[in-house]
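Here's target_7.pdb, which has PDB, C-alpha atoms:
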ATOM      1  CA  MET A   1     142.289  84.062 100.027  1.00  0.00           C
ATOM      2  CA  GLU A   2     142.367  84.667 103.789  1.00  0.00           C
ATOM      3  CA  ASN A   3     140.560  82.373 106.200  1.00  0.00           C
ATOM      4  CA  ASN A   4     138.362  85.302 107.272  1.00  0.00           C
ATOM      5  CA  ASP A   5     137.294  85.831 103.664  1.00  0.00           C
ATOM      6  CA  ILE A   6     136.437  82.150 103.276  1.00  0.00           C
ATOM      7  CA  ALA A   7     134.382  82.199 106.485  1.00  0.00           C
ATOM      8  CA  TYR A   8     132.534  85.321 105.358  1.00  0.00           C
ATOM      9  CA  ILE A   9     131.695  83.893 101.927  1.00  0.00           C
ATOM     10  CA  THR A  10     130.623  80.594 103.499  1.00  0.00           C
ATOM     11  CA  LYS A  11     128.271  82.432 105.841  1.00  0.00           C
ATOM     12  CA  LEU A  12     126.703  84.332 102.941  1.00  0.00           C
ATOM     13  CA  VAL A  13     126.120  81.097 101.031  1.00  0.00           C
ATOM     14  CA  VAL A  14     124.636  79.328 104.072  1.00  0.00           C
ATOM     15  CA  ASP A  15     122.370  82.256 104.874  1.00  0.00           C
ATOM     16  CA  THR A  16     121.135  82.368 101.280  1.00  0.00           C
ATOM     17  CA  LEU A  17     120.430  78.636 101.226  1.00  0.00           C
ATOM     18  CA  ASN A  18     118.674  78.762 104.577  1.00  0.00           C
ATOM     19  CA  LYS A  19     116.377  81.532 103.425  1.00  0.00           C
ATOM     20  CA  ALA A  20     115.600  79.685 100.211  1.00  0.00           C
ATOM     21  CA  GLN A  21     114.672  76.628 102.280  1.00  0.00           C
ATOM     22  CA  GLY A  22     112.499  78.570 104.699  1.00  0.00           C
ATOM     23  CA  GLN A  23     115.024  78.795 107.551  1.00  0.00           C
ATOM     24  CA  GLY A  24     114.784  82.581 107.727  1.00  0.00           C
ATOM     25  CA  GLY A  25     113.310  85.274 105.562  1.00  0.00           C
ATOM     26  CA  ASP A  26     111.326  88.355 106.410  1.00  0.00           C
ATOM     27  CA  ILE A  27     108.058  88.161 108.315  1.00  0.00           C
ATOM     28  CA  PRO A  28     106.114  91.425 108.742  1.00  0.00           C
ATOM     29  CA  VAL A  29     105.009  92.409 112.232  1.00  0.00           C
ATOM     30  CA  GLY A  30     101.484  93.442 113.143  1.00  0.00           C
ATOM     31  CA  VAL A  31     101.335  95.251 116.481  1.00  0.00           C
ATOM     32  CA  SER A  32      98.019  94.468 118.115  1.00  0.00           C
ATOM     33  CA  ALA A  33      96.615  97.208 120.325  1.00  0.00           C
ATOM     34  CA  ARG A  34      93.970  96.417 122.938  1.00  0.00           C
ATOM     35  CA  HIS A  35      90.685  95.316 121.349  1.00  0.00           C
ATOM     36  CA  ILE A  36      87.509  93.344 121.960  1.00  0.00           C
ATOM     37  CA  HIS A  37      85.498  90.632 120.221  1.00  0.00           C
ATOM     38  CA  LEU A  38      81.750  90.589 120.969  1.00  0.00           C
ATOM     39  CA  THR A  39      78.811  88.233 120.655  1.00  0.00           C
ATOM     40  CA  GLN A  40      75.744  89.599 118.856  1.00  0.00           C
ATOM     41  CA  GLN A  41      73.874  89.513 122.178  1.00  0.00           C
ATOM     42  CA  ASP A  42      76.522  91.718 123.765  1.00  0.00           C
ATOM     43  CA  VAL A  43      76.616  94.023 120.710  1.00  0.00           C
ATOM     44  CA  GLU A  44      72.913  94.683 121.211  1.00  0.00           C
ATOM     45  CA  ALA A  45      73.303  95.105 124.963  1.00  0.00           C
ATOM     46  CA  LEU A  46      75.995  97.726 124.388  1.00  0.00           C
ATOM     47  CA  PHE A  47      74.660  99.559 121.315  1.00  0.00           C
ATOM     48  CA  GLY A  48      70.930  98.815 121.136  1.00  0.00           C
ATOM     49  CA  ALA A  49      68.479  96.161 119.959  1.00  0.00           C
ATOM     50  CA  GLY A  50      69.136  94.931 116.423  1.00  0.00           C
ATOM     51  CA  TYR A  51      72.420  96.828 116.186  1.00  0.00           C
ATOM     52  CA  GLN A  52      74.940  95.644 113.580  1.00  0.00           C
ATOM     53  CA  LEU A  53      78.646  96.399 113.749  1.00  0.00           C
ATOM     54  CA  THR A  54      79.984  98.687 111.021  1.00  0.00           C
ATOM     55  CA  LYS A  55      83.213  97.944 109.177  1.00  0.00           C
ATOM     56  CA  LYS A  56      86.140 100.381 109.354  1.00  0.00           C
ATOM     57  CA  LYS A  57      89.087  98.371 108.012  1.00  0.00           C
ATOM     58  CA  GLU A  58      89.565  94.885 106.574  1.00  0.00           C
ATOM     59  CA  LEU A  59      91.924  92.560 108.438  1.00  0.00           C
ATOM     60  CA  MET A  60      93.107  89.043 107.635  1.00  0.00           C
ATOM     61  CA  GLY A  61      91.066  85.896 107.962  1.00  0.00           C
ATOM     62  CA  GLY A  62      87.746  87.638 107.364  1.00  0.00           C
ATOM     63  CA  GLN A  63      88.117  89.857 110.415  1.00  0.00           C
ATOM     64  CA  TYR A  64      87.741  93.639 110.376  1.00  0.00           C
ATOM     65  CA  ALA A  65      88.193  96.610 112.657  1.00  0.00           C
ATOM     66  CA  CYS A  66      84.866  98.248 113.455  1.00  0.00           C
ATOM     67  CA  ASN A  67      83.962 101.910 113.801  1.00  0.00           C
ATOM     68  CA  GLU A  68      82.592 101.094 117.243  1.00  0.00           C
ATOM     69  CA  THR A  69      84.614 101.433 120.441  1.00  0.00           C
ATOM     70  CA  VAL A  70      83.791 100.688 124.072  1.00  0.00           C
ATOM     71  CA  ALA A  71      85.186 101.415 127.511  1.00  0.00           C
ATOM     72  CA  ILE A  72      86.340  98.670 129.873  1.00  0.00           C
ATOM     73  CA  VAL A  73      86.079  99.057 133.636  1.00  0.00           C
ATOM     74  CA  SER A  74      87.752  96.831 136.224  1.00  0.00           C
ATOM     75  CA  PRO A  75      86.278  95.781 139.591  1.00  0.00           C
ATOM     76  CA  ARG A  76      88.638  98.387 141.088  1.00  0.00           C
ATOM     77  CA  MET A  77      86.844 101.055 139.012  1.00  0.00           C
ATOM     78  CA  LYS A  78      89.862 101.652 136.779  1.00  0.00           C
ATOM     79  CA  ILE A  79      88.856 102.499 133.217  1.00  0.00           C
ATOM     80  CA  ILE A  80      90.314 102.345 129.706  1.00  0.00           C
ATOM     81  CA  GLU A  81      88.335 104.112 127.007  1.00  0.00           C
ATOM     82  CA  ASN A  82      88.213 103.787 123.217  1.00  0.00           C
ATOM     83  CA  VAL A  83      88.828 100.038 123.023  1.00  0.00           C
ATOM     84  CA  ARG A  84      88.311  99.043 119.390  1.00  0.00           C
ATOM     85  CA  VAL A  85      85.691  96.395 118.545  1.00  0.00           C
ATOM     86  CA  LEU A  86      86.705  93.762 115.977  1.00  0.00           C
ATOM     87  CA  GLY A  87      84.187  91.922 113.826  1.00  0.00           C
ATOM     88  CA  PRO A  88      82.501  89.772 112.874  1.00  0.00           C
ATOM     89  CA  VAL A  89      80.653  88.751 116.026  1.00  0.00           C
ATOM     90  CA  ARG A  90      81.839  85.634 117.869  1.00  0.00           C
ATOM     91  CA  LYS A  91      80.338  82.898 119.999  1.00  0.00           C
ATOM     92  CA  ALA A  92      82.021  84.312 123.115  1.00  0.00           C
ATOM     93  CA  THR A  93      83.035  87.828 124.085  1.00  0.00           C
ATOM     94  CA  GLN A  94      86.772  88.279 124.588  1.00  0.00           C
ATOM     95  CA  VAL A  95      88.849  91.302 125.629  1.00  0.00           C
ATOM     96  CA  GLU A  96      92.549  91.367 124.636  1.00  0.00           C
ATOM     97  CA  ILE A  97      94.839  93.776 126.490  1.00  0.00           C
ATOM     98  CA  SER A  98      98.553  94.169 127.211  1.00  0.00           C
ATOM     99  CA  ALA A  99     100.284  93.335 130.482  1.00  0.00           C
ATOM    100  CA  THR A 100     100.622  97.085 131.095  1.00  0.00           C
ATOM    101  CA  ASP A 101      96.860  97.490 130.619  1.00  0.00           C
ATOM    102  CA  SER A 102      96.335  94.624 133.059  1.00  0.00           C
ATOM    103  CA  MET A 103      98.335  96.451 135.727  1.00  0.00           C
ATOM    104  CA  LYS A 104      96.586  99.738 134.995  1.00  0.00           C
ATOM    105  CA  LEU A 105      93.177  98.113 135.417  1.00  0.00           C
ATOM    106  CA  GLY A 106      94.226  96.061 138.429  1.00  0.00           C
ATOM    107  CA  VAL A 107      93.053  92.765 136.925  1.00  0.00           C
ATOM    108  CA  ALA A 108      94.945  89.474 136.675  1.00  0.00           C
ATOM    109  CA  ALA A 109      94.590  88.919 132.931  1.00  0.00           C
ATOM    110  CA  PRO A 110      96.411  85.659 132.097  1.00  0.00           C
ATOM    111  CA  LEU A 111      98.629  85.078 129.061  1.00  0.00           C
ATOM    112  CA  ARG A 112      96.496  82.908 126.777  1.00  0.00           C
ATOM    113  CA  LYS A 113      95.872  81.789 123.230  1.00  0.00           C
ATOM    114  CA  SER A 114      92.893  83.575 121.723  1.00  0.00           C
ATOM    115  CA  GLY A 115      89.704  81.705 122.594  1.00  0.00           C
ATOM    116  CA  ASN A 116      91.073  80.206 125.808  1.00  0.00           C
ATOM    117  CA  THR A 117      89.281  82.389 128.339  1.00  0.00           C
ATOM    118  CA  ALA A 118      88.226  79.886 131.031  1.00  0.00           C
ATOM    119  CA  GLY A 119      89.098  81.294 134.432  1.00  0.00           C
ATOM    120  CA  SER A 120      90.440  84.545 132.971  1.00  0.00           C
ATOM    121  CA  ALA A 121      89.842  88.045 134.331  1.00  0.00           C
ATOM    122  CA  GLY A 122      86.439  89.663 134.528  1.00  0.00           C
ATOM    123  CA  LEU A 123      85.442  93.274 133.937  1.00  0.00           C
ATOM    124  CA  THR A 124      82.592  95.502 132.767  1.00  0.00           C
ATOM    125  CA  ILE A 125      82.181  96.697 129.176  1.00  0.00           C
ATOM    126  CA  VAL A 126      80.466 100.057 128.622  1.00  0.00           C
ATOM    127  CA  GLY A 127      78.818 100.966 125.317  1.00  0.00           C
ATOM    128  CA  THR A 128      76.639 103.820 124.142  1.00  0.00           C
ATOM    129  CA  LYS A 129      73.377 102.153 125.206  1.00  0.00           C
ATOM    130  CA  GLY A 130      74.286  99.839 128.069  1.00  0.00           C
ATOM    131  CA  THR A 131      76.823  97.666 129.860  1.00  0.00           C
ATOM    132  CA  VAL A 132      77.911  94.035 129.887  1.00  0.00           C
ATOM    133  CA  VAL A 133      79.469  92.423 132.954  1.00  0.00           C
ATOM    134  CA  LEU A 134      81.975  89.685 132.071  1.00  0.00           C
ATOM    135  CA  LYS A 135      82.741  87.144 134.757  1.00  0.00           C
ATOM    136  CA  GLU A 136      85.682  86.000 132.593  1.00  0.00           C
ATOM    137  CA  GLY A 137      87.025  86.789 129.154  1.00  0.00           C
ATOM    138  CA  CYS A 138      89.886  89.263 129.558  1.00  0.00           C
ATOM    139  CA  ILE A 139      93.317  87.954 128.511  1.00  0.00           C
ATOM    140  CA  VAL A 140      96.788  88.997 127.382  1.00  0.00           C
ATOM    141  CA  ALA A 141      97.092  87.334 123.968  1.00  0.00           C
ATOM    142  CA  ALA A 142     100.126  85.110 123.411  1.00  0.00           C
ATOM    143  CA  ARG A 143     102.344  86.115 120.494  1.00  0.00           C
ATOM    144  CA  HIS A 144     101.906  84.125 117.307  1.00  0.00           C
ATOM    145  CA  ILE A 145     102.506  84.067 113.555  1.00  0.00           C
ATOM    146  CA  HIS A 146      99.710  83.764 111.008  1.00  0.00           C
ATOM    147  CA  MET A 147     100.655  81.793 107.888  1.00  0.00           C
ATOM    148  CA  SER A 148      99.059  80.297 104.822  1.00  0.00           C
ATOM    149  CA  PRO A 149      99.790  76.610 104.120  1.00  0.00           C
ATOM    150  CA  ALA A 150     102.253  77.709 101.416  1.00  0.00           C
ATOM    151  CA  ASP A 151     104.094  79.919 103.892  1.00  0.00           C
ATOM    152  CA  ALA A 152     104.221  77.090 106.434  1.00  0.00           C
ATOM    153  CA  GLN A 153     105.754  74.784 103.841  1.00  0.00           C
ATOM    154  CA  ARG A 154     108.306  77.438 102.875  1.00  0.00           C
ATOM    155  CA  PHE A 155     109.382  77.956 106.485  1.00  0.00           C
ATOM    156  CA  GLY A 156     109.297  74.262 107.309  1.00  0.00           C
ATOM    157  CA  VAL A 157     106.734  74.550 110.116  1.00  0.00           C
ATOM    158  CA  LYS A 158     103.191  73.368 110.823  1.00  0.00           C
ATOM    159  CA  ASP A 159     100.162  74.608 112.707  1.00  0.00           C
ATOM    160  CA  GLY A 160     100.758  74.525 116.453  1.00  0.00           C
ATOM    161  CA  ASP A 161     104.566  74.597 116.280  1.00  0.00           C
ATOM    162  CA  PHE A 162     106.508  76.979 118.514  1.00  0.00           C
ATOM    163  CA  VAL A 163     109.439  78.909 117.077  1.00  0.00           C
ATOM    164  CA  SER A 164     111.807  81.765 117.925  1.00  0.00           C
ATOM    165  CA  VAL A 165     111.867  85.051 116.064  1.00  0.00           C
ATOM    166  CA  LYS A 166     114.731  87.564 115.865  1.00  0.00           C
ATOM    167  CA  THR A 167     114.438  91.319 115.409  1.00  0.00           C
ATOM    168  CA  GLY A 168     117.083  93.787 114.294  1.00  0.00           C
ATOM    169  CA  GLY A 169     117.324  97.520 114.796  1.00  0.00           C
ATOM    170  CA  GLU A 170     118.529  99.470 117.817  1.00  0.00           C
ATOM    171  CA  ARG A 171     117.295  96.949 120.382  1.00  0.00           C
ATOM    172  CA  PRO A 172     117.755  93.476 118.861  1.00  0.00           C
ATOM    173  CA  THR A 173     115.494  90.959 120.541  1.00  0.00           C
ATOM    174  CA  VAL A 174     114.724  87.250 120.264  1.00  0.00           C
ATOM    175  CA  TYR A 175     111.121  86.266 120.964  1.00  0.00           C
ATOM    176  CA  GLY A 176     110.734  82.669 122.106  1.00  0.00           C
ATOM    177  CA  ALA A 177     107.612  80.498 122.257  1.00  0.00           C
ATOM    178  CA  VAL A 178     105.986  82.089 119.203  1.00  0.00           C
ATOM    179  CA  LYS A 179     103.111  79.873 118.103  1.00  0.00           C
ATOM    180  CA  ILE A 180     102.498  79.103 114.440  1.00  0.00           C
ATOM    181  CA  ARG A 181      98.887  79.391 113.273  1.00  0.00           C
ATOM    182  CA  VAL A 182      98.144  78.110 109.771  1.00  0.00           C
ATOM    183  CA  ASP A 183      94.979  78.707 107.746  1.00  0.00           C
ATOM    184  CA  PRO A 184      94.273  79.271 104.024  1.00  0.00           C
ATOM    185  CA  SER A 185      92.691  82.642 104.882  1.00  0.00           C
ATOM    186  CA  PHE A 186      95.820  83.949 106.646  1.00  0.00           C
ATOM    187  CA  THR A 187      98.483  86.212 105.216  1.00  0.00           C
ATOM    188  CA  LEU A 188     101.991  86.118 106.648  1.00  0.00           C
ATOM    189  CA  GLU A 189     102.227  88.264 109.784  1.00  0.00           C
ATOM    190  CA  MET A 190     103.539  87.985 113.329  1.00  0.00           C
ATOM    191  CA  HIS A 191     101.209  89.392 115.974  1.00  0.00           C
ATOM    192  CA  ILE A 192     102.617  90.912 119.151  1.00  0.00           C
ATOM    193  CA  ASP A 193     101.128  93.407 121.589  1.00  0.00           C
ATOM    194  CA  THR A 194     102.206  96.975 122.249  1.00  0.00           C
ATOM    195  CA  ASP A 195     104.366  96.046 125.255  1.00  0.00           C
ATOM    196  CA  GLU A 196     106.414  93.576 123.207  1.00  0.00           C
ATOM    197  CA  ALA A 197     106.770  95.974 120.290  1.00  0.00           C
ATOM    198  CA  ASN A 198     107.830  98.920 122.433  1.00  0.00           C
ATOM    199  CA  ALA A 199     110.419  96.814 124.285  1.00  0.00           C
ATOM    200  CA  ALA A 200     112.150  96.002 120.981  1.00  0.00           C
ATOM    201  CA  CYS A 201     111.558  99.424 119.345  1.00  0.00           C
ATOM    202  CA  ILE A 202     109.620  97.901 116.448  1.00  0.00           C
ATOM    203  CA  LYS A 203     106.295  98.753 114.860  1.00  0.00           C
ATOM    204  CA  THR A 204     103.723  97.407 112.422  1.00  0.00           C
ATOM    205  CA  GLY A 205     105.436  96.579 109.161  1.00  0.00           C
ATOM    206  CA  THR A 206     108.849  95.861 110.695  1.00  0.00           C
ATOM    207  CA  ALA A 207     110.417  92.710 109.232  1.00  0.00           C
ATOM    208  CA  VAL A 208     111.592  89.983 111.607  1.00  0.00           C
ATOM    209  CA  GLU A 209     113.316  86.646 111.040  1.00  0.00           C
ATOM    210  CA  LEU A 210     112.164  83.158 111.998  1.00  0.00           C
ATOM    211  CA  VAL A 211     115.155  81.342 113.483  1.00  0.00           C
ATOM    212  CA  LYS A 212     113.504  78.230 115.036  1.00  0.00           C
TER     213      LYS A 212
END

What is this structure when it is put down as structure tokens?
Amino acid sequence: MENNDIAYITKLVVDTLNKAQGQGGDIPVGVSARHIHLTQQDVEALFGAGYQLTKKKELMGGQYACNETVAIVSPRMKIIENVRVLGPVRKATQVEISATDSMKLGVAAPLRKSGNTAGSAGLTIVGTKGTVVLKEGCIVAARHIHMSPADAQRFGVKDGDFVSVKTGGERPTVYGAVKIRVDPSFTLEMHIDTDEANAACIKTGTAVELVK
């Protein structure tokens, strides 16, 4: 047997063992388009007193895409329409956009973990019945992977860890600083925004590999 053959077989064995031990394996991608989370107070300000969001599509962790959309307007009077509302309502309103959206609007939306909106960009939200002016709350969401505790054990990671993820295809890419988020309600999925997906020529459902 040639040395090249031995090296090839060894690599196959190592790769198989690594995947069995959680050092690889396929993780589906979920490409997150711009969207908004609202408080009940802001829902009513935008759509009318007593208004309740209506469910369009179930998402993980008890979240869902709503039938409702809004427009967002920057202080420079730049506008993006048809921004999808996600439910259920939250304690604080938060707008999640891409870096390209940030440039289009002319706002300095920082790269943040969801929920960390202190000192972030402000803008105006326009609904069918009114408007809401946010002093802060607009961010570019940092990429992350949702996992159940069983998935975390399989991949050998824990909540809050940062890992690298490798894509294949025509434009292979390695994403660094991908945060692990673990919760029993989560199903395995890596969340990236449209800019990141387009740069690597991948889409929702594409399988990527955790490489640590």

Output of the PyMOL selection byres ((chain A and resi 77) around 12), listed as a list in words: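 Expected selection for the PyMOL selection byres ((chain A and resi 77) around 12) here is Ala71, Ile72, Val73, Ser74, Pro75, Arg76, Lys78, Ile79, Ile80, Lys104, Leu105, Gly106, Val107, Leu123, Thr124 and Ile125 of chain A.
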
Matched chain/residue IDs from the PyMOL selection byres ((chain A and resi 138-152) around 6), as a PyMOL selection string: chain A and resi 94-98+109-113+120-121+137+153-158+178-184+186-192

Non-local contacts of Asp26 of chain A (6 Å; only C-alpha atoms; under 4 positions in same chain excluded) as a list of chain:residue names: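 The neighbour list is A:Ala207, A:Val208, A:Glu209.
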
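When only C-alpha atoms are used to measure the gap to Thr173 of chain A, the shortest distance among A:Ser102, A:Asn198, A:Thr39, A:Ser185 belongs to A:Asn198.
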
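Here the question is which of A:Ile36, A:Val43, A:Val70, A:Leu86 gets nearest to Lys57 of chain A using only C-alpha atoms, and that residue is A:Leu86.
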
Near-Cys66 of chain A list (10 Å; only C-alpha atoms; drop same-chain fewer than 3 positions) as a ChimeraX atom specification: /A:53-58,63,69,84-88

Would you put the residues from that selection into a file with C-alpha atoms, as a PDB file, in the frame of the given file?
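In the end it all went to part07.pdb:
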ATOM      1  CA  LEU A  53      78.646  96.399 113.749  1.00  0.00           C
ATOM      2  CA  THR A  54      79.984  98.687 111.021  1.00  0.00           C
ATOM      3  CA  LYS A  55      83.213  97.944 109.177  1.00  0.00           C
ATOM      4  CA  LYS A  56      86.140 100.381 109.354  1.00  0.00           C
ATOM      5  CA  LYS A  57      89.087  98.371 108.012  1.00  0.00           C
ATOM      6  CA  GLU A  58      89.565  94.885 106.574  1.00  0.00           C
ATOM      7  CA  GLN A  63      88.117  89.857 110.415  1.00  0.00           C
ATOM      8  CA  THR A  69      84.614 101.433 120.441  1.00  0.00           C
ATOM      9  CA  ARG A  84      88.311  99.043 119.390  1.00  0.00           C
ATOM     10  CA  VAL A  85      85.691  96.395 118.545  1.00  0.00           C
ATOM     11  CA  LEU A  86      86.705  93.762 115.977  1.00  0.00           C
ATOM     12  CA  GLY A  87      84.187  91.922 113.826  1.00  0.00           C
ATOM     13  CA  PRO A  88      82.501  89.772 112.874  1.00  0.00           C
TER      14      PRO A  88
END

Computed interatomic separation between atom CA of Met60 of chain A and atom CA of Ala177 of chain A (Å):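 Interatomic distance, atom CA of Met60 of chain A to atom CA of Ala177 of chain A: 22.3 Å.
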